[in-house]
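**Student:** Input structure: coords.txt, which contains compact mmCIF, C-alpha atoms.
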# COMPACT_ATOMS: atom_id res chain seq x y z
CA MET A 79 48.74 125.99 54.59
CA ARG A 80 51.33 127.66 56.77
CA GLU A 81 53.10 124.33 57.10
CA LEU A 82 53.15 123.94 53.36
CA LEU A 83 54.57 127.42 52.90
CA ARG A 84 57.22 126.81 55.51
CA TRP A 85 58.11 123.56 53.82
CA LEU A 86 58.48 125.26 50.44
CA LEU A 87 60.59 128.04 51.93
CA ASN A 88 62.68 125.51 53.71
CA ILE A 89 63.49 123.73 50.49
CA SER A 90 64.59 126.84 48.66
CA GLY A 91 66.50 128.04 51.71
CA LYS A 92 68.35 124.76 51.87
CA GLU A 93 69.35 124.96 48.25
CA LEU A 94 70.61 128.49 48.77
CA ASP A 95 72.64 127.35 51.78
CA ASN A 96 74.17 124.50 49.85
CA ALA A 97 75.24 126.78 47.06
CA THR A 98 76.80 129.47 49.22
CA ALA A 99 77.98 127.99 52.49
CA GLU A 100 80.16 125.04 53.32
CA MET A 101 78.27 122.03 54.63
CA SER A 102 78.45 122.04 58.40
CA LYS A 103 79.75 118.49 58.53
CA ASP A 104 82.85 119.60 56.63
CA THR A 105 83.46 122.30 59.19
CA ALA A 106 83.09 119.67 61.89
CA LYS A 107 85.60 117.41 60.15
CA GLN A 108 88.14 120.17 59.67
CA ARG A 109 87.88 121.22 63.31
CA LEU A 110 88.11 117.65 64.51
CA LYS A 111 91.19 116.92 62.39
CA LEU A 112 93.11 119.66 64.18
CA VAL A 113 91.78 118.85 67.62
CA LEU A 114 92.65 115.18 67.23
CA ILE A 115 96.22 116.02 66.22
CA GLN A 116 96.56 118.18 69.31
CA ASP A 117 95.03 115.52 71.52
CA ARG A 118 97.12 112.70 70.11
CA LEU A 119 100.34 114.67 70.42
CA GLU A 120 99.31 116.26 73.69
CA LEU A 121 100.46 119.54 72.23
CA ALA A 122 98.96 123.01 72.68
CA PRO A 123 97.69 124.68 69.48
CA ASP A 124 100.36 127.42 69.52
CA LYS A 125 103.13 124.85 70.00
CA LEU A 126 101.76 122.86 67.10
CA GLU A 127 101.86 125.98 64.91
CA ASP A 128 105.43 126.70 66.05
CA MET A 129 106.50 123.18 65.19
CA LYS A 130 104.84 123.35 61.81
CA LYS A 131 106.60 126.62 61.05
CA GLU A 132 109.99 125.33 62.14
CA ILE A 133 109.71 122.14 60.13
CA TRP A 134 108.70 124.16 57.09
CA GLU A 135 111.67 126.49 57.59
CA VAL A 136 114.13 123.62 57.81
CA VAL A 137 112.79 121.94 54.70
CA SER A 138 112.67 125.21 52.76
CA LYS A 139 116.38 125.69 53.38
CA TYR A 140 117.08 122.77 51.10
CA MET A 141 114.30 122.77 48.55
CA VAL A 142 111.64 124.99 47.10
CA VAL A 143 108.43 124.15 48.84
CA ASP A 144 104.90 125.40 48.67
CA ASP A 145 104.16 128.24 51.07
CA ASP A 146 100.69 127.09 51.96
CA PHE A 147 100.56 123.40 51.47
CA MET A 148 101.63 121.60 54.55
CA GLU A 149 99.61 118.82 56.08
CA PHE A 150 99.97 117.13 59.39
CA GLU A 151 98.53 113.81 60.26
CA VAL A 152 98.95 111.82 63.43
CA ARG A 153 98.28 108.13 63.08
CA ARG A 154 98.39 105.26 65.44
CA VAL A 155 100.23 102.21 64.23
CA ASP A 156 99.97 99.48 66.84
CA ASP A 157 101.70 100.87 69.90
CA LEU A 158 103.30 103.77 68.06
CA THR A 159 102.03 107.24 67.42
CA VAL A 160 103.31 108.42 64.05
CA LEU A 161 103.50 111.99 62.83
CA VAL A 162 103.21 112.28 59.06
CA SER A 163 103.83 115.61 57.37
CA ASN A 164 103.17 116.29 53.73
CA ILE A 165 104.90 119.24 52.14
CA GLU A 166 104.61 120.01 48.46
CA VAL A 167 108.00 120.28 46.79
CA LYS A 168 107.84 122.76 43.95
CA ASP A 169 111.19 122.48 42.28
CA LEU A 170 113.76 119.81 42.98
CA SER A 171 116.35 121.31 40.63
CA GLU A 172 116.81 124.23 42.93
CA LEU A 173 118.34 122.19 45.70
CA THR A 174 120.96 124.32 47.39
CA PRO A 175 124.60 123.27 47.35
CA ALA A 176 124.36 122.72 51.08
CA ILE A 177 123.29 119.18 50.39
CA THR A 178 126.26 118.20 48.25
CA GLY A 179 128.73 120.34 50.20
CA MET B 187 82.46 77.03 78.15
CA THR B 188 84.92 79.84 77.59
CA GLY B 189 83.10 83.00 76.81
CA LYS B 190 84.55 86.41 76.28
CA THR B 191 84.21 89.71 78.04
CA ILE B 192 83.47 92.80 75.97
CA VAL B 193 83.45 96.30 77.41
CA ILE B 194 81.07 98.92 75.98
CA THR B 195 82.70 102.30 76.46
CA SER B 196 82.71 105.83 75.02
CA GLY B 197 84.52 108.47 77.03
CA LYS B 198 81.71 110.97 76.65
CA GLY B 199 78.55 110.44 78.63
CA GLY B 200 75.08 110.28 77.14
CA VAL B 201 75.98 108.74 73.78
CA GLY B 202 74.14 105.48 74.43
CA LYS B 203 76.51 103.06 76.16
CA THR B 204 73.89 101.66 78.48
CA THR B 205 71.31 101.41 75.71
CA ALA B 206 73.86 99.64 73.52
CA THR B 207 74.82 97.23 76.32
CA ALA B 208 71.19 96.34 77.07
CA ASN B 209 70.32 95.86 73.41
CA ILE B 210 73.40 93.96 72.28
CA GLY B 211 73.13 91.77 75.38
CA THR B 212 69.45 91.07 74.76
CA ALA B 213 70.00 90.44 71.05
CA LEU B 214 72.90 88.05 71.74
CA ALA B 215 70.65 86.14 74.14
CA MET B 216 67.85 86.07 71.56
CA ARG B 217 70.35 84.46 69.21
CA GLY B 218 70.72 81.62 71.68
CA ASN B 219 73.77 82.73 73.61
CA LYS B 220 74.12 82.66 77.34
CA VAL B 221 74.73 86.29 78.28
CA VAL B 222 75.41 88.32 81.39
CA VAL B 223 75.53 92.12 81.40
CA VAL B 224 77.44 93.85 84.16
CA ASP B 225 76.81 97.47 85.16
CA THR B 226 80.08 98.97 86.43
CA ASP B 227 78.81 102.52 86.68
CA ILE B 228 78.95 102.41 90.46
CA GLY B 229 77.00 105.25 92.04
CA LEU B 230 75.10 105.98 88.83
CA ARG B 231 73.56 102.68 87.87
CA ASN B 232 71.11 102.63 84.98
CA LEU B 233 71.37 99.37 83.11
CA ASP B 234 68.73 97.97 85.50
CA VAL B 235 66.11 100.57 84.52
CA ILE B 236 66.86 100.30 80.80
CA MET B 237 66.23 96.55 81.09
CA GLY B 238 63.22 96.97 83.38
CA LEU B 239 64.79 94.99 86.22
CA GLU B 240 65.12 97.74 88.82
CA ASN B 241 62.62 96.20 91.22
CA ARG B 242 64.43 92.91 91.47
CA ILE B 243 67.79 94.07 92.78
CA VAL B 244 68.95 92.50 96.02
CA TYR B 245 72.72 92.30 95.64
CA ASP B 246 75.13 94.17 93.38
CA VAL B 247 78.60 93.93 91.88
CA VAL B 248 80.30 95.44 94.93
CA ASN B 249 78.58 92.88 97.17
CA VAL B 250 80.01 90.12 94.97
CA ILE B 251 83.52 91.55 95.04
CA GLU B 252 83.43 92.11 98.78
CA GLY B 253 82.21 88.57 99.34
CA VAL B 254 78.88 89.63 100.85
CA CYS B 255 77.03 87.34 98.45
CA LYS B 256 77.72 84.63 95.93
CA LEU B 257 78.07 85.53 92.27
CA SER B 258 74.86 83.68 91.42
CA GLN B 259 72.92 85.62 94.05
CA ALA B 260 73.69 88.96 92.37
CA MET B 261 72.58 87.77 88.95
CA ILE B 262 69.09 88.91 88.06
CA SER B 263 67.37 86.85 85.40
CA ASP B 264 65.76 88.80 82.58
CA LYS B 265 61.98 88.52 82.34
CA HIS B 266 62.15 86.67 79.03
CA ASP B 267 62.67 83.02 78.37
CA TYR B 268 66.27 83.09 77.24
CA GLU B 269 69.56 83.08 79.09
CA LEU B 270 70.15 86.73 79.98
CA TYR B 271 71.29 87.99 83.37
CA LEU B 272 72.13 91.36 84.88
CA ILE B 273 74.64 92.10 87.61
CA PRO B 274 73.71 95.61 88.74
CA ALA B 275 76.08 98.33 89.96
CA ALA B 276 76.02 99.49 93.56
CA GLN B 277 74.18 102.76 93.89
CA THR B 278 75.47 103.93 97.26
CA ARG B 279 79.19 103.41 96.71
CA ASP B 280 81.77 104.95 94.40
CA LYS B 281 84.11 103.78 91.67
CA ASN B 282 86.95 103.18 94.13
CA ALA B 283 84.96 100.42 95.81
CA ILE B 284 86.46 97.95 93.35
CA GLU B 285 89.88 97.32 91.85
CA PRO B 286 90.55 96.36 88.22
CA GLU B 287 91.94 92.93 89.19
CA GLN B 288 88.85 92.14 91.24
CA LEU B 289 86.54 92.82 88.33
CA ARG B 290 88.84 90.81 86.03
CA GLU B 291 88.61 87.86 88.41
CA MET B 292 84.84 88.12 88.56
CA CYS B 293 84.56 88.21 84.76
CA ALA B 294 86.96 85.27 84.43
CA GLU B 295 84.60 83.36 86.69
CA LEU B 296 81.61 84.38 84.55
CA GLU B 297 83.38 83.41 81.32
CA LYS B 298 83.31 79.80 82.50
CA ASP B 299 79.50 79.78 82.39
CA PHE B 300 78.60 82.35 79.75
CA ASP B 301 79.20 82.92 76.05
CA TYR B 302 79.28 86.67 76.50
CA VAL B 303 79.99 88.94 79.44
CA LEU B 304 79.16 92.55 78.50
CA ILE B 305 80.42 95.35 80.70
CA ASP B 306 78.63 98.68 80.71
CA CYS B 307 81.47 101.13 81.37
CA PRO B 308 80.94 104.48 83.10
CA ALA B 309 81.69 107.72 81.24
CA GLY B 310 85.07 109.33 81.80
CA ILE B 311 88.60 107.99 81.84
CA GLU B 312 89.11 107.58 85.58
CA GLN B 313 88.91 104.62 87.95
CA GLY B 314 85.59 103.29 86.62
CA PHE B 315 86.96 103.20 83.08
CA LYS B 316 90.13 101.49 84.25
CA ASN B 317 88.14 98.86 86.15
CA ALA B 318 85.83 98.11 83.24
CA THR B 319 88.49 97.94 80.54
CA ALA B 320 90.91 95.84 82.58
CA ALA B 321 88.26 93.15 82.87
CA ALA B 322 87.63 92.81 79.13
CA GLN B 323 89.38 91.20 76.16
CA GLU B 324 87.57 93.28 73.58
CA ALA B 325 86.06 96.75 73.41
CA ILE B 326 83.16 98.35 71.61
CA ILE B 327 83.23 102.13 71.54
CA VAL B 328 79.95 104.00 71.19
CA THR B 329 79.95 107.45 69.64
CA THR B 330 77.51 109.82 67.99
CA PRO B 331 78.33 111.80 64.81
CA GLU B 332 79.22 114.90 66.82
CA VAL B 333 82.57 116.62 67.36
CA SER B 334 82.61 116.18 71.14
CA ALA B 335 81.72 112.49 71.11
CA ILE B 336 84.21 111.71 68.34
CA ARG B 337 86.97 113.59 70.08
CA ASP B 338 86.36 111.62 73.27
CA ALA B 339 86.17 108.36 71.34
CA ASP B 340 89.60 109.10 69.93
CA ARG B 341 90.98 109.59 73.43
CA ILE B 342 89.48 106.26 74.44
CA ILE B 343 91.01 104.51 71.43
CA GLY B 344 94.40 105.89 72.47
CA LEU B 345 93.97 104.84 76.09
CA LEU B 346 92.82 101.34 75.12
CA GLU B 347 95.77 101.06 72.77
CA SER B 348 98.27 101.97 75.45
CA ALA B 349 96.60 99.47 77.77
CA GLY B 350 97.28 96.80 75.13
CA MET B 351 93.73 96.48 73.86
CA HIS B 352 93.96 96.67 70.09
CA ASN B 353 91.31 96.88 67.38
CA PRO B 354 88.30 98.19 69.26
CA LYS B 355 85.08 98.28 67.25
CA LEU B 356 82.95 101.38 66.78
CA ILE B 357 79.21 101.95 66.91
CA ILE B 358 77.94 105.22 65.48
CA ASN B 359 74.73 105.91 67.32
CA ARG B 360 71.86 108.36 66.72
CA ILE B 361 72.47 108.95 63.05
CA ALA B 362 69.83 111.20 61.50
CA PRO B 363 69.74 110.17 57.81
CA GLU B 364 68.01 113.39 56.75
CA MET B 365 70.78 115.49 58.28
CA VAL B 366 73.47 113.28 56.76
CA LYS B 367 71.85 113.70 53.36
CA ARG B 368 71.96 117.48 53.47
CA GLY B 369 75.52 117.54 54.78
CA ASP B 370 74.73 118.62 58.31
CA MET B 371 75.87 115.42 59.96
CA MET B 372 79.00 113.33 59.51
CA ASP B 373 78.42 109.91 57.97
CA GLN B 374 80.22 106.61 58.40
CA LYS B 375 82.98 107.54 55.95
CA ASP B 376 83.62 110.86 57.65
CA VAL B 377 83.90 109.23 61.06
CA GLU B 378 86.11 106.45 59.71
CA SER B 379 88.46 108.98 58.16
CA LEU B 380 88.92 110.62 61.56
CA LEU B 381 89.04 107.55 63.80
CA ALA B 382 91.00 104.66 62.35
CA VAL B 383 88.78 101.90 63.73
CA GLU B 384 86.42 99.35 62.28
CA VAL B 385 82.75 100.32 62.37
CA ILE B 386 80.62 97.44 63.64
CA GLY B 387 77.29 99.20 63.62
CA LEU B 388 75.26 102.20 62.52
CA VAL B 389 72.23 103.01 64.64
CA PRO B 390 69.66 105.54 63.45
CA ALA B 391 68.13 108.05 65.84
CA ASP B 392 64.82 106.44 66.66
CA GLU B 393 61.92 107.59 68.80
CA GLN B 394 61.31 103.95 69.61
CA THR B 395 64.54 103.88 71.62
CA VAL B 396 63.04 106.47 73.96
CA VAL B 397 59.76 104.57 74.13
CA ALA B 398 61.69 101.39 74.91
CA ALA B 399 63.59 103.12 77.71
CA ASN B 400 60.32 104.46 79.14
CA ARG B 401 58.93 100.96 79.26
CA GLY B 402 62.10 99.22 80.39
CA VAL B 403 62.01 96.88 77.40
CA PRO B 404 65.10 97.14 75.14
CA VAL B 405 64.28 98.29 71.61
CA VAL B 406 65.52 95.00 70.05
CA HIS B 407 62.23 93.53 71.24
CA ASN B 408 60.69 95.79 68.60
CA ALA B 409 62.34 94.14 65.61
CA LYS B 410 60.60 96.41 63.13
CA SER B 411 62.01 99.59 64.63
CA PRO B 412 65.07 100.99 62.85
CA ALA B 413 67.16 101.05 66.05
CA GLY B 414 65.96 97.60 67.08
CA SER B 415 66.99 96.04 63.80
CA ALA B 416 70.28 97.97 63.87
CA PHE B 417 71.15 96.47 67.26
CA MET B 418 70.12 93.00 66.07
CA ARG B 419 72.61 93.36 63.24
CA ILE B 420 75.34 94.54 65.58
CA ALA B 421 74.76 91.49 67.79
CA ALA B 422 75.01 89.25 64.72
CA ARG B 423 78.35 90.82 63.86
CA VAL B 424 79.60 90.48 67.43
CA ASP B 425 78.50 86.86 67.18
CA GLY B 426 80.75 86.35 64.16
CA GLU B 427 78.28 86.72 61.33
CA ASP B 428 79.52 88.67 58.33
CA ILE B 429 76.60 90.89 57.38
CA PRO B 430 76.68 94.34 55.79
CA LEU B 431 76.12 97.50 57.81
CA MET B 432 72.66 98.98 57.86
CA ASP B 433 71.60 101.12 54.94
CA LEU B 434 70.57 104.47 56.37
CA GLU B 435 69.28 106.21 53.29
CA PRO B 436 66.48 108.53 54.35
CA LYS B 437 63.04 107.50 53.22
CA ASN B 438 62.54 110.84 51.66
CA SER B 439 59.75 110.39 49.19
CA LEU B 440 57.27 113.18 48.67
CA LEU B 441 54.61 110.96 50.18
CA SER B 442 56.49 110.48 53.43
CA ARG B 443 57.18 114.20 53.62
CA VAL B 444 53.51 114.98 53.19
CA LYS B 445 52.64 112.33 55.75
CA GLY B 446 55.20 113.86 58.08
CA MET B 447 53.59 117.28 57.72
CA VAL B 448 50.16 116.06 58.58
CA GLY B 449 51.49 114.01 61.46
CA MET B 450 50.86 110.63 59.87
CA ASN B 451 54.45 109.71 59.58
CA GLY B 452 55.28 106.65 61.57
CA ARG B 453 58.92 106.97 60.56
CA ALA B 454 61.32 106.85 63.39
CA TYR B 455 63.72 109.61 62.59
CA SER B 456 62.00 112.93 62.78
CA HIS B 457 62.77 115.78 60.46
CA ALA B 458 65.43 117.25 62.68
How does this structure look as structure tokens?
**Tutor:**
Amino acid sequence: MRELLRWLLNISGKELDNATAEMSKDTAKQRLKLVLIQDRLELAPDKLEDMKKEIWEVVSKYMVVDDDFMEFEVRRVDDLTVLVSNIEVKDLSELTPAITG
Amino acid sequence: MTGKTIVITSGKGGVGKTTATANIGTALAMRGNKVVVVDTDIGLRNLDVIMGLENRIVYDVVNVIEGVCKLSQAMISDKHDYELYLIPAAQTRDKNAIEPEQLREMCAELEKDFDYVLIDCPAGIEQGFKNATAAAQEAIIVTTPEVSAIRDADRIIGLLESAGMHNPKLIINRIAPEMVKRGDMMDQKDVESLLAVEVIGLVPADEQTVVAANRGVPVVHNAKSPAGSAFMRIAARVDGEDIPLMDLEPKNSLLSRVKGMVGMNGRAYSHA
């Protein structure tokens, strides 16, 4: 009987968890994504943040870009390690004259 | 005969390299191949106990390389009636007792007589790893669906890549389908999105693997067990057969749950 009760509680508890909290595998994936970038680049976390910030600053000098959306991905292509960065461009018409000048 | 040498590696310890080596080796032999498995975990040998051959060791891989014995003298024949041999690691030496080129030479010699030479690589990325990977043409990386094992697997992929060994294959071991289903364990897709390598096998967590290790009889001998049939499929894929990966949907019917509660559940994966 106790087993049955525990089983019933377990079910409802699980449904509650699913509704409120992020699935733990997604947390694992998010954490791994960052760790793998650091490992592949052999870069400390604070340096990675610095780099991200600097790249964003450079790009934002020339175009209007999203404040939050910036993705980093490090891929291996044969012998090469490739850094891919995605930044969302908000408005291309607001390119500064610096580009034409 | 020109066989090939495949290294089974992982980076992280305890993810199932030795179990995978013993089972893939046994399954390849069951399929009619001539197979030799080589334990290169010098100082921490274990492939012998997983295969139940620990009482038959006379010579080891270091003896062969140092010329103390002939290659054939160090090969222990498996108890079954197919062509499967073990070359055990030395237990009283360390990883520096052999050089990568020496192991490569030994495997080149073995490739003349065998279809498959499987190398059980030690954990870590030091000398033992360098020895084992230098001797092989192909690599199989074993991981579990956990952050630490996947991180280490990624390191290994990078190191193999820079050593010129491309396209390693991945085995995801100890998958608990129930946990995957409720989102508490990464599945094949999740792992593939993190590590850009081809998955060659999915192995469910299976109590029978532990039982098999206790007995010294690799779990592929128990063809009905989930892990046993998973390793059989991996061997088929290694052997060039194009078969789909194992379906790991949990058998989650009400009946099996009830059976599980009253201890009648013969299912391999427990409700973790």
**Student:** Please, which residues of chain A lie no more than 7 Å from chain B when the count uses all atoms listed in the file, and can they be set out as a ChimeraX atom specification?
**Tutor:** /A:101-103,106,110-111,114,157
**Student:** Show which residues sit within 6 Å of Thr329 of chain B, as a compact mmCIF listing (two decimals) with C-alpha atoms, in the frame of the given file. Count all atoms listed in the file, and ignore same-chain residues fewer than 3 positions away.
**Tutor:**
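Saved as result-v4.txt:
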# COMPACT_ATOMS: atom_id res chain seq x y z
CA VAL B 201 75.98 108.74 73.78
CA ALA B 335 81.72 112.49 71.11
CA ILE B 358 77.94 105.22 65.48
CA ASN B 359 74.73 105.91 67.32
**Student:** What's the separation between atom CA of Asn209 of chain B and atom CA of Lys410 of chain B, in Å to one decimal place?
**Tutor:**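 So the answer is 14.2 Å.
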**Student:** In Å, how far is it from atom CA of Gln313 of chain B to atom CA of Thr212 of chain B?
**Tutor:** 27.1 Å
**Student:** Excluding Leu239 of chain B and any residue of its chain fewer than 4 positions from it, enumerate the residues within 9 Å of it, using only C-alpha atoms, and give them as a VMD selection string.
**Tutor:** chain B and resid 233 to 235 243 262 to 265 272 402
**Student:** Any idea what's packed within 12 Å of segment 298-300 of chain B, counting all atoms listed in the file, ignoring anything in its chain fewer than 4 positions away? Could you give it as an MDAnalysis selection string?
**Tutor:** chainID B and resid 187:191 211 214:215 218:223 257:258 269:271 291:294 304
**Student:** Kindly give the distance, in Å, that separates atom CA of Ile251 of chain B and atom CA of Ile342 of chain B, rounded to a single decimal.
**Tutor:** 26.0 Å
**Student:** For a quick check of understanding, using all atoms listed in the file, which of B:Ile361, B:Val389, B:Ala213, B:Val224 has the smallest distance to Ala275 of chain B?
**Tutor:**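 Of B:Ile361, B:Val389, B:Ala213, B:Val224, the one nearest Ala275 of chain B, counting all atoms listed in the file, is B:Val224.
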**Student:** Tell me which protein, DNA and RNA residues are within 10 Å of Arg231 of chain B, counting all atoms listed in the file, leaving out same-chain ones fewer than 2 positions away, and put them as a list in words.
**Tutor:**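 Returned residues: Thr204, Asp225, Thr226, Asp227, Ile228, Gly229, Leu233, Asp234, Val235, Glu240, Pro274, Ala275, Ala276, Gln277, Thr278, Asp306 and Pro308 of chain B.
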**Student:** I need the chosen residues saved as an mmCIF file, keeping the file's coordinate frame, with C-alpha atoms.
**Tutor:**
data_model
loop_
_atom_site.group_PDB
_atom_site.id
_atom_site.type_symbol
_atom_site.label_atom_id
_atom_site.label_comp_id
_atom_site.auth_asym_id
_atom_site.auth_seq_id
_atom_site.Cartn_x
_atom_site.Cartn_y
_atom_site.Cartn_z
ATOM 1 C CA THR B 204 73.890 101.660 78.480
ATOM 2 C CA ASP B 225 76.810 97.470 85.160
ATOM 3 C CA THR B 226 80.080 98.970 86.430
ATOM 4 C CA ASP B 227 78.810 102.520 86.680
ATOM 5 C CA ILE B 228 78.950 102.410 90.460
ATOM 6 C CA GLY B 229 77.000 105.250 92.040
ATOM 7 C CA LEU B 233 71.370 99.370 83.110
ATOM 8 C CA ASP B 234 68.730 97.970 85.500
ATOM 9 C CA VAL B 235 66.110 100.570 84.520
ATOM 10 C CA GLU B 240 65.120 97.740 88.820
ATOM 11 C CA PRO B 274 73.710 95.610 88.740
ATOM 12 C CA ALA B 275 76.080 98.330 89.960
ATOM 13 C CA ALA B 276 76.020 99.490 93.560
ATOM 14 C CA GLN B 277 74.180 102.760 93.890
ATOM 15 C CA THR B 278 75.470 103.930 97.260
ATOM 16 C CA ASP B 306 78.630 98.680 80.710
ATOM 17 C CA PRO B 308 80.940 104.480 83.100
#
